[in-house]
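Let me begin by presenting the structure, written as structure tokens, before commenting on it.
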Amino acid sequence: MTTANPTYRLELTSSPHVHSRWSTRQAMWLVILSLLPPLAAALVFYGIYQLLVIFVSVIFCVGTEVLIKLIRKREITVKDGSAVITGLLLALTLPPNFSLIFTAIGGIFAIAIGKEIFGGLGYNIFNPALVGRAFLQAAFPVAMTTWTIPNFSDAVSKATPLSSLKFDGILTALEPMFVGNIGGSLGETSAFAVLIGGLFLLVLGVANWRIPLSMFFGVLVFGSIFWFINPVKYPTPFFHLFAGSFMFGAFFMATDWVTSPLTGKGMWIFGLGISLVVVVIRIFGGLPEGVMYGILLMNAFVPIINRYTKPKVFGEIK
Amino acid sequence: MELTFWIALATMGGLGLIFAGALAIADKKLRVKENPLIGKVNELLPGANCGGCGSAGCYDFAVKLVEGKASVNGCPVNDTDSVKNIALLLGLDADDSVRLIPRILCRGGNNEAVQKMAEYFGPLSCSAMDIVSGGTKLCYYGCLGGGDCVKACPFDAMVMNDNNLPELIEELCTGCGLCAKACPRNIIEMHPKDRMIFVYCKNHDDPKTSKSICKAACLGCGACARKSEGGLAVINNLGVVNYDRINPDIIPFEKCSSGALTRLNVPDSRNPS
Amino acid sequence: MTQNLALEIMPDSPTVTIPLSQHIGKQAKPIVQKGSVVKAGSVIAEPEGFVSIPIHSSVSGNVLKIHREPNVSGFPKDSVIIKSENNGEAEKYEPMDYNAVTPEEIIERVRLAGIVGQGGAAFPTFIKLSPPKDKNIEYVILNGCECEPYLTRDYRLMLEKSREVIIGFSLIMKAVGVKKGIIGIEDNKPEAITKLKEIAKDFPGIKIEVLETKYPQGAEKMLIKSCIGREVPPGKLPMDIGVIVLNIATAVAIHDAVVKGEPQLYAVLTVTGNGIVTPKNLMVKIGTPLQDVIDFCGGIKEDAVKVIVGGPMMGVAQFDFSAPVVKATSGIVILTKDEVNEHPETPCLRCGKCIEACPLNLIPTKLARYVQLEKFEEADKIEITTCMECGTCTFTCPANIPLVQWIRLGKQRVLNLKKNQNDKN
């Protein structure tokens, strides 16, 4: 019944016996790579101190994950890079020259409450980095809205394009917003840098194109509606597109695999939902920016979206 | 003003009365009478809802007991006192409840069973391993070593030993039988606790094959059956115990070359010998 | 890798192991004993029950024993082991003129010749050719798409046995009584398309459909959709929507059975992968041990890690090379570590790539999860039994979850549950 012992070692597996090059770890590191342009832009426009913020954020995110895995006696999965991503994303949502202590607190909160409490990677409902940011926003509202001036700017205003619009009624031109000559969080300063990183993700297929596209489409449509109603009072739809963290959120936050819907149809609903919340908050809300809440809110709807966007099984008659 | 007040009071009060009346009638007409016995029996059950009795939880089993659709001894977890009390409540005779206990009828661990010339990669679960060419051993009847029984046990009474075979911790076992249900090879069988003689093998291969694939296999040689007076038989290359006729004193245990036929040396509670 | 290698006939092995069950349905009943003298083509086992076919000896020689032997399915099966005398003695059925045969004669010959489907499931072909009267069959589709990546045997057959393919196909159409026949061929096989189109001119009703090259184009349901735009509903068979699908190799076997009177003694297969020394397209006698085929191809390289019978997506990993080639064997693929691309398993990241990849629009990640949690009823509700195990989900999954393995387990459990329920009712 047995054959002579072969020199090679055979593997017994279930079909399929071949696998694509995709792996969780590889996808995560690609995301990290794609975050380099916005990171570089942040350093260029806001100064080298931001590197410290980024460093602290990453260290505390990774550290928290290791600590929790140790306490729960689980395998340490830091190598998959997901905690690094959370750290980078969190740092990029913070205002320039942010307190390092607050950053550390945000990092701990993001991983502990945003991810590990649900069971770790793959089980969280909300985007961990945004959970961390939401916490900081609630805990340290003043620090979170103190925007310092970009390095090369002559602007006196310490406000972001969105807050200057909301509180002072000043509309910033599109061109500086695109290049990055504006106030804002680290990651939202240059729409151009975000676009480079984002397109990199889309081309490689890490992020699904449907989510950013549906968000752009949604914000243009909803923005246009208000602009047509009163072009003096409300900003142009393109302002919505380039202002604040919309670009950054669309490419890097909303496309998070774990917290976005499973199906193509679901992704469209998800993206349109986010853009609607963003426009409504920006126009009617007390806050200048709504991308974070838009994404967190739609994260909560993902299970329902998944439930009602079940694809039609091949050949099924309904 | 005053009129409005009275109208409002009358309407709301009237509505209240109508609904209260409807509820009262519904209560009388549609009432489902529950036998108070069910609650009492339910309290005497362990409340673990393990499903070992085959019902959907303890309450369901209590309903069946009261309706006479289940045996008082049907709950494998309950201790003898509770069983007696339930029997008393229901006015039944409790026969001395025989405790069932799982017996793992395979001894082909990593040291005994010959492994395939290939290493298995995939989820460590017996049922998932079974569909990939029947697991890692050449024996298609024996323990897969994936630990489905360990995972199934709600009482942590099953552990995998160094030889990658499951082992029972009898003190923790409640006899619920979930391990037996979880085993895709049906190696784990529920037996009365005082049964001491088992054939620890399930292999139906011919003697030559079974000898070549596992040191602990029953070869089906029949040495044990010859003078057993019907207590043992070889059916389809495998020794089978007939518990109605077996007489431990005349079985030549030492004749079993692989040791598959074994008598447990746990003291027998009924007839100590 | 092997598409330009012509088919070779492999010489007989010293002993062959012929399993008594090489098809779905009941195992055949052996009619020979130890010591019986058989010729190539002699019947050695008779069918038992309706879904069963006779088994023939593929060589001339003596029966050594009838015993449970390792099988390419991974589970041992009762087999007849024959020592080959290599004296060239053979037994055949009466050759028939393909223009004159009646449908009944074709079906009976296909049954006697023991022909099974070559798509993987090994369903006895004669049953497929005689659908129930209430099914109105409009089309017969011949699968000219290679069922799996790596394999090239259908392509070689279309090139080298083009005439046999077309005549075999016309016999199938005649047997079923259908006027419309379609051969679906992927567009990466232009030579086969031209050649078959040329010959098909003389056979009215046969149309060549050029299809996009993609996996799993060769799967029955995909092929029907691509060729005539109809979808097979879950739980239904192609014949329910008026279609019968057969394989290229089956058409050739039917031609040989009717025109030459030969039972199915050969399996046409591709031996390939980076782990084999010389890849080949071969015609191998049924029952030849894998070891002999591998040796004929120069042996296995040091860095090989998987030996798969079938294709890399749906085949079965082997552990014992004494297992024999059977009727439905379409390839032996020997993969190296580099080709396999294994990664550590991580939790599901809900990226949705498996859903995008699934050709049947199922939700593989959810199906696998339900099976892990033993929620078989929920899994059934989202059509777990529709899954054809093509493997694209697991191939794509970045978390490297063995989705197909879980789903296959779930399918078995769900079908068992349903069977038990039916038995109770």
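Ordering of the structure tokens sets the chain letters (A, B, ...), residue numbers begin anew at 1 in every chain, and ligands are numbered from 1 in the order given.
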Using only C-alpha atoms, determine which residues lie at most 10 Å from region 113-115 of chain C, disregarding the query and same-chain residues fewer than 4 positions distant; provide the list as a PyMOL selection string. chain C and resi 22-23+41+43+47+52-56+92-93+107-109+122-126+250-251+253-254+256-258+261-265+327-328
Close residues, Cys297 (chain C) itself excluded, 7 Å, only C-alpha atoms, min 6 positions apart in chain, as a ChimeraX atom specification: /C:277-280
Could you make a table, as CSV, of the residues of chain C that have an atom within 6 Å of an atom of chain A, each with its nearest atom pair and distance in Å to one decimal, counting only C-alpha atoms, in chain and number order?
```
residue,atom,partner,partner_atom,distance
C:Glu231,CA,A:Gly315,CA,4.6
C:Val232,CA,A:Gly315,CA,5.1
C:Pro233,CA,A:Gly315,CA,3.9
C:Glu302,CA,A:Tyr8,CA,5.7
C:Val305,CA,A:Leu10,CA,4.7
C:Lys306,CA,A:Leu10,CA,5.4
C:Pro312,CA,A:His17,CA,5.2
C:Met313,CA,A:Pro16,CA,4.0
C:Met314,CA,A:Ser15,CA,5.2
C:Ala317,CA,A:Leu12,CA,5.6
C:Val340,CA,A:Val18,CA,4.4
C:Asn341,CA,A:His19,CA,5.4
C:Pro347,CA,A:Gly122,CA,5.8
C:Cys348,CA,A:Gly122,CA,5.6
C:Leu349,CA,A:Gly122,CA,4.4
C:Arg350,CA,A:Val258,CA,5.0
C:Cys351,CA,A:Trp257,CA,4.4
C:Gly352,CA,A:Leu262,CA,4.4
C:Leu360,CA,A:Phe314,CA,4.6
C:Asn361,CA,A:Val313,CA,4.9
C:Leu362,CA,A:Val313,CA,5.9
C:Gly391,CA,A:Pro16,CA,5.1
C:Phe395,CA,A:His19,CA,4.4
C:Thr396,CA,A:Ser20,CA,5.6
C:Pro398,CA,A:Ser23,CA,4.0
C:Ala399,CA,A:Thr24,CA,5.2
C:Gln405,CA,A:Ser14,CA,5.8
```
How would the residues just picked look written out with N, CA and C atoms as a compact mmCIF listing (two decimals), in the first residue's frame?
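Everything below was put into result22.txt:
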```
# COMPACT_ATOMS: atom_id res chain seq x y z
N GLU C 231 -28.96 30.74 -18.52
CA GLU C 231 -28.38 30.42 -17.22
C GLU C 231 -29.08 29.21 -16.60
N VAL C 232 -28.28 28.30 -16.06
CA VAL C 232 -28.86 27.14 -15.38
C VAL C 232 -29.24 27.56 -13.97
N PRO C 233 -30.52 27.49 -13.61
CA PRO C 233 -30.91 27.91 -12.26
C PRO C 233 -30.31 27.00 -11.20
N GLU C 302 13.40 17.81 -7.87
CA GLU C 302 13.63 17.91 -6.43
C GLU C 302 12.65 18.86 -5.73
N VAL C 305 6.40 20.06 -4.92
CA VAL C 305 5.72 19.91 -3.63
C VAL C 305 4.33 19.30 -3.76
N LYS C 306 3.73 19.39 -4.96
CA LYS C 306 2.40 18.83 -5.09
C LYS C 306 2.29 18.04 -6.38
N PRO C 312 -4.88 22.15 -11.65
CA PRO C 312 -4.45 22.79 -10.40
C PRO C 312 -5.60 23.43 -9.61
N MET C 313 -6.72 23.73 -10.27
CA MET C 313 -7.81 24.41 -9.58
C MET C 313 -8.78 23.43 -8.91
N MET C 314 -9.01 22.28 -9.54
CA MET C 314 -10.03 21.37 -9.02
C MET C 314 -9.52 19.95 -8.81
N ALA C 317 -4.82 16.29 -4.79
CA ALA C 317 -3.40 16.11 -4.46
C ALA C 317 -3.15 14.65 -4.12
N VAL C 340 2.96 27.25 -6.33
CA VAL C 340 1.84 27.05 -5.41
C VAL C 340 1.47 28.35 -4.70
N ASN C 341 2.50 29.14 -4.32
CA ASN C 341 2.24 30.45 -3.72
C ASN C 341 1.43 30.39 -2.45
N PRO C 347 -7.36 36.14 9.44
CA PRO C 347 -8.82 36.26 9.47
C PRO C 347 -9.34 36.93 8.20
N CYS C 348 -10.60 36.70 7.88
CA CYS C 348 -11.22 37.32 6.70
C CYS C 348 -11.21 38.83 6.88
N LEU C 349 -10.75 39.54 5.84
CA LEU C 349 -10.70 41.00 5.92
C LEU C 349 -11.91 41.64 5.26
N ARG C 350 -12.83 40.82 4.82
CA ARG C 350 -14.05 41.29 4.17
C ARG C 350 -13.75 42.21 2.98
N CYS C 351 -12.75 41.86 2.22
CA CYS C 351 -12.38 42.69 1.09
C CYS C 351 -13.34 42.50 -0.06
N GLY C 352 -14.08 41.38 -0.06
CA GLY C 352 -15.06 41.15 -1.12
C GLY C 352 -14.48 40.63 -2.41
N LEU C 360 -20.45 32.33 -10.07
CA LEU C 360 -21.86 32.03 -9.83
C LEU C 360 -22.50 33.04 -8.87
N ASN C 361 -21.79 34.13 -8.60
CA ASN C 361 -22.30 35.20 -7.73
C ASN C 361 -22.68 34.72 -6.34
N LEU C 362 -21.92 33.79 -5.81
CA LEU C 362 -22.17 33.37 -4.43
C LEU C 362 -21.33 34.26 -3.50
N GLY C 391 -12.81 27.05 -7.49
CA GLY C 391 -11.58 27.44 -6.81
C GLY C 391 -11.15 28.88 -7.01
N PHE C 395 -8.37 30.98 -4.76
CA PHE C 395 -7.21 31.47 -5.51
C PHE C 395 -6.99 32.95 -5.23
N THR C 396 -8.07 33.72 -5.20
CA THR C 396 -7.97 35.17 -5.04
C THR C 396 -7.78 35.60 -3.59
N PRO C 398 -6.97 37.07 -0.34
CA PRO C 398 -5.71 37.55 0.22
C PRO C 398 -5.45 36.96 1.61
N ALA C 399 -6.51 36.61 2.32
CA ALA C 399 -6.34 36.05 3.65
C ALA C 399 -6.00 34.56 3.58
N GLN C 405 -12.48 24.28 0.56
CA GLN C 405 -12.49 23.12 1.44
C GLN C 405 -13.67 23.20 2.41
```
May I have the residues within 12 Å of Pro166 (chain B) as a ChimeraX atom specification, using only C-alpha atoms and disregarding those fewer than 3 positions away in the same chain? /B:102-110,126,142-153,156-163,169,179-180,183,187-188
Residues near region 55-67 of chain A, cut-off 8 Å, only C-alpha atoms, skip fewer than 6 positions along chain, as a list in words: Ile76, Thr77, Val78, Ala83, Val84, Ile85, Thr86, Gly87, Leu88, Leu90, Ala91, Leu100, Thr103, Ala104, Gly106, Gly107, Ile108, Ala110, Ile111, Ala112 and Glu116 of chain A
Restrict the distance test to only C-alpha atoms, flag each residue of chain C within 12 Å of chain B, and return the flagged residues as a count of residues only. 48
Counting only C-alpha atoms, what is within 8 Å of Leu232 (chain B), bar same-chain residues fewer than 6 positions away, as an MDAnalysis selection string? chainID B and resid 224:225 239:242 246
Residues just named, written with N, CA and C atoms as a JSON list (two decimals), in the first residue's frame:
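Final output, again_12.json:
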```json
[["chain", "number", "residue", "atom", "x", "y", "z"],
["B", 224, "CYS", "N", -9.63, -14.03, 19.37],
["B", 224, "CYS", "CA", -10.42, -13.73, 20.57],
["B", 224, "CYS", "C", -11.79, -14.40, 20.50],
["B", 225, "ALA", "N", -12.32, -14.53, 19.29],
["B", 225, "ALA", "CA", -13.71, -14.96, 19.15],
["B", 225, "ALA", "C", -13.88, -16.46, 19.32],
["B", 239, "GLY", "N", -13.26, -7.21, 14.99],
["B", 239, "GLY", "CA", -13.84, -7.83, 16.17],
["B", 239, "GLY", "C", -14.96, -6.98, 16.74],
["B", 240, "VAL", "N", -16.07, -7.63, 17.09],
["B", 240, "VAL", "CA", -17.22, -6.91, 17.63],
["B", 240, "VAL", "C", -17.64, -7.60, 18.93],
["B", 241, "VAL", "N", -17.90, -6.81, 19.96],
["B", 241, "VAL", "CA", -18.29, -7.38, 21.25],
["B", 241, "VAL", "C", -19.80, -7.49, 21.31],
["B", 242, "ASN", "N", -20.28, -8.64, 21.75],
["B", 242, "ASN", "CA", -21.70, -8.81, 22.01],
["B", 242, "ASN", "C", -21.90, -8.70, 23.52],
["B", 246, "ILE", "N", -21.15, -11.58, 26.54],
["B", 246, "ILE", "CA", -19.71, -11.66, 26.82],
["B", 246, "ILE", "C", -19.45, -12.10, 28.26]]
```
Which parts of region 28-175 of chain B does DSSP call strand (DSSP E or B) when run on the backbone here, written out as a PDB file with C-alpha atoms, in the first residue's frame?
```pdb
ATOM      1  CA  LEU B 100     -23.231   6.703  29.654  1.00  0.00           C
ATOM      2  CA  ILE B 101     -19.670   7.606  28.979  1.00  0.00           C
ATOM      3  CA  PRO B 102     -17.815   8.134  25.702  1.00  0.00           C
ATOM      4  CA  ARG B 103     -15.266   5.494  24.755  1.00  0.00           C
ATOM      5  CA  ILE B 104     -12.683   6.410  22.138  1.00  0.00           C
ATOM      6  CA  ALA B 113      -0.628   4.608  12.614  1.00  0.00           C
ATOM      7  CA  GLN B 115       1.192   8.413   7.939  1.00  0.00           C
ATOM      8  CA  ALA B 118       2.423  13.814   2.208  1.00  0.00           C
ATOM      9  CA  GLU B 119       1.933  16.508   4.762  1.00  0.00           C
ATOM     10  CA  TYR B 120      -1.542  17.965   5.214  1.00  0.00           C
ATOM     11  CA  LYS B 137      -3.102   8.521   8.073  1.00  0.00           C
ATOM     12  CA  MET B 158     -11.663  15.939  26.109  1.00  0.00           C
ATOM     13  CA  VAL B 159      -8.025  16.721  25.452  1.00  0.00           C
ATOM     14  CA  MET B 160      -5.587  15.694  22.751  1.00  0.00           C
ATOM     15  CA  PRO B 166      -8.229  12.368  22.226  1.00  0.00           C
ATOM     16  CA  GLU B 167      -8.306  11.445  25.883  1.00  0.00           C
ATOM     17  CA  LEU B 168     -11.254  11.639  28.242  1.00  0.00           C
TER      18      LEU B 168
END
```
Within 9 Å of Gln3 (chain C), counting only C-alpha atoms, which residues show up once you throw out same-chain ones fewer than 5 positions away? Write them as a ChimeraX atom specification, please. /C:151-153,155-156,281
For chain A, which residue among B:Arg195, B:Lys181, B:Arg226, B:Lys208 is the nearest when counting only C-alpha atoms?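 Of all the options, B:Lys208 lies closest to chain A.
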Show which residues sit within 9 Å of Arg163 (chain C), as a ChimeraX atom specification. Count only C-alpha atoms, and ignore same-chain residues fewer than 6 positions away. /C:196,199-200,252
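Note that the spacing between CA of Val101 (chain C) and CA of Glu46 (chain C) amounts to 24.6 Å.
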Using DSSP secondary structure from the backbone, list all helix (DSSP H, G or I) positions within region 3-232 of chain B, as a VMD selection string. chain B and resid 3 to 29 36 to 44 58 to 66 72 to 74 80 to 90 126 to 130 148 to 152 178 to 182 207 to 213
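Reported to one decimal place, the separation of CA of Thr15 (chain C) from CA of Val325 (chain C) is 12.3 Å.
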